[in-house]
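Single-structure report; data block below.
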Amino acid sequence: MPSTCSGLLDEGSYIEELKKQNNELLNINYRLQRMIYQTYSLYASLNHTGHSSPDINNKEAYFKTITALTSTIDAKDTYTRNHSKNVARYAVSLGKSLGLSEKELTGMRYGAVLHDIGKIGIPDAILNKPGKLTEDEFKIIMGHPSIGASILAPIDFLKDSRDIVEHHHERYDGCGYPFGLKGESIPFAARIVGIVDSWDAMTSDRSYRCALSREKAIRQLEDGSGSQFDPIMVKTFINSVISSLSS
C-alpha cells in the first residue's frame, strides 16, 4: 500500500488508465462483433436464392455496403481519410499496366479498398500516436492484416481480395508480416497493394510526420526495390502510374 499522498495519486492515476484501456478494448470488441455479424448477414442475404455465388450486381451491392463499413477506420484515424480509395485507384492503375484482366482488376479494387479493415481492432491511441511506436505497440499494429482477413473470411467471392488484406505487409525479402512470405510466394495482387499503400502513405500527412515530396517518395520506392518491394512492379509503377500523375 502506498504510504504517501503522491503514492495514492499515482495508484489512482494508474487505475484510471486501466479503466480507460479496458473501456476501449470493450468498444473494439463490440465493433468487431458488429462487423463480423454484418458480414455474415450481408453474405446470407446475397445468397438467399440458393446460388453458390452472387451475381455481379449483388457483388457490387455488397461491395458498396462493406466499403461503407471502412468509414469506421476513417473515424478512428483522421490522418488516413481517403487512403483506401487512393490505394484502390493506384492499385487498379498499376494492375492495368501489368496486364491484369478485368476480373483480376475487380478483385484488386475490392481488396485495395478493404486492405486496412482490420484496423477496426486496433486501439485509437496506437493508431493516432504522434511519436514512434514502442515494440509492443508495433506488435499490436502487426495484427491488423489477420484481423481483416478474419472479418472477410465468410465471403467466398472475396477470397482473392482477402489475400490482399492478409498479405499487403509482406516484404519481397521475406522480412514482412504476418507470415514472412518472400518473393513470388507473396500473392501477386498483395505485392501491388504493398507498393501503392506505401506510396500513398509516404505522400500523405500522417500523425507522426508531414507528407514526403514526390521526388523523395520515388527515391524511397527505389531504395526498397528488391527488398521491401517487387522490383519489376516498382519500375512499372514509377514509369507508368506516377509519370501519368503529372501529365
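Labels used: A, B, ... for chains in the order of the C-alpha cells, numbers from 1 for residues in each chain, and numbers from 1 for ligands as shown.
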Sort by chain and increasing residue number a table of all residues of stretch 170-213 of chain A within 7 Å of stretch 150-165 of chain A, each with its closest pair of atoms and their distance in Å to one decimal, counting only C-alpha atoms, and write it as CSV.
residue,atom,partner,partner_atom,distance
A:Pro187,CA,A:Asp163,CA,6.8
A:Ala189,CA,A:Ile164,CA,6.2
A:Ala190,CA,A:Ile164,CA,4.4
Those selected residues, please, written with N, CA and C atoms and delivered as a PDB file, in the first residue's frame.
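Listing of result.pdb after writing:
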ATOM      1  N   PRO A 187       1.220 -13.250 -52.700  1.00  0.00           N
ATOM      2  CA  PRO A 187       0.238 -13.129 -53.781  1.00  0.00           C
ATOM      3  C   PRO A 187       0.500 -11.899 -54.644  1.00  0.00           C
ATOM      4  N   ALA A 189      -1.356  -9.782 -56.322  1.00  0.00           N
ATOM      5  CA  ALA A 189      -2.119  -8.568 -56.031  1.00  0.00           C
ATOM      6  C   ALA A 189      -1.671  -7.929 -54.728  1.00  0.00           C
ATOM      7  N   ALA A 190      -1.259  -8.732 -53.749  1.00  0.00           N
ATOM      8  CA  ALA A 190      -0.787  -8.186 -52.479  1.00  0.00           C
ATOM      9  C   ALA A 190       0.518  -7.424 -52.670  1.00  0.00           C
TER      10      ALA A 190
END
Got a sec: who's within 6 Å of stretch 109-111 of chain A, counting only C-alpha atoms, leaving out chain neighbours fewer than 2 positions off, as an NGL selection string? :A and (88 or 106-107 or 113-115 or 161 or 164)
One decimal place gives the atom CA of A:Val241-atom CA of A:Ala201 separation as 16.0 Å
Would you tabulate, counting only C-alpha atoms, all residues of stretch 166-192 of chain A that have an atom at most 9 Å from an atom of stretch 213-236 of chain A, showing the closest pair of atoms and their distance in Å to one decimal, sorted by chain then ascending number, as a Markdown table?
| residue | atom | partner | partner_atom | distance |
| --- | --- | --- | --- | --- |
| A:Glu170 | CA | A:Gln228 | CA | 8.0 |
| A:Arg171 | CA | A:Gln228 | CA | 4.6 |
| A:Tyr172 | CA | A:Gln228 | CA | 5.1 |
| A:Asp173 | CA | A:Ser227 | CA | 4.8 |
| A:Gly174 | CA | A:Ser227 | CA | 8.3 |
| A:Cys175 | CA | A:Gln228 | CA | 8.0 |
| A:Gly176 | CA | A:Gln228 | CA | 7.9 |
| A:Gly183 | CA | A:Asp230 | CA | 7.2 |
| A:Glu184 | CA | A:Asp230 | CA | 8.4 |
| A:Arg191 | CA | A:Asp230 | CA | 6.7 |
| A:Ile192 | CA | A:Met233 | CA | 7.0 |
Need to verify the contact set: A:Ser146, 8 Å, only C-alpha atoms, exclusion of same-chain residues closer than 2 positions in sequence. Can you return it as a PyMOL selection string? chain A and resi 118+143-144+148-150+165-166+178
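With only C-alpha atoms as the atoms that count, the residue of A:Asp124, A:Asp116, A:Asp200, A:Asp136 with the shortest distance to A:His169 is A:Asp116.
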For each of A:Ala112, A:Ile147, A:Ile122, A:Leu105, take the minimum atom-to-atom distance to A:Lys85, counting only C-alpha atoms, then give the residue where this is smallest.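 Of all the options, A:Ala112 lies closest to A:Lys85.
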Between atom CA of A:Ala125 and atom CA of A:Ile141 - distance in Å to one decimal: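 If I compute the distance from atom CA of A:Ile141 to atom CA of A:Ala125, I get 11.3 Å.
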Shortest interatomic distance to A:Ser198 - which of A:Met108, A:Leu181, A:Ala211, A:Leu98, counting only C-alpha atoms: A:Ala211
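Taking only C-alpha atoms into account, A:Lys96 lies nearest to A:Phe237 out of the set A:Met202, A:Ser243, A:His167, A:Phe237.
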Nearest residue to A:Ile195 from the set A:Glu102, A:Gly95, A:Phe179, A:Lys132 (distances using only C-alpha atoms):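 That would be A:Gly95, the residue with the smallest distance to A:Ile195.
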What is the distance between atom CA of A:Cys210 and atom CA of A:Tyr90, in Å to one decimal?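 Between atom CA of A:Cys210 and atom CA of A:Tyr90 the gap is 20.6 Å.
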So, with only C-alpha atoms as the atoms that count, which of A:Leu133, A:Val193, A:Leu127, A:Leu94 lies closest to A:Ile242?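 The answer is A:Leu94, which sits nearest to A:Ile242.
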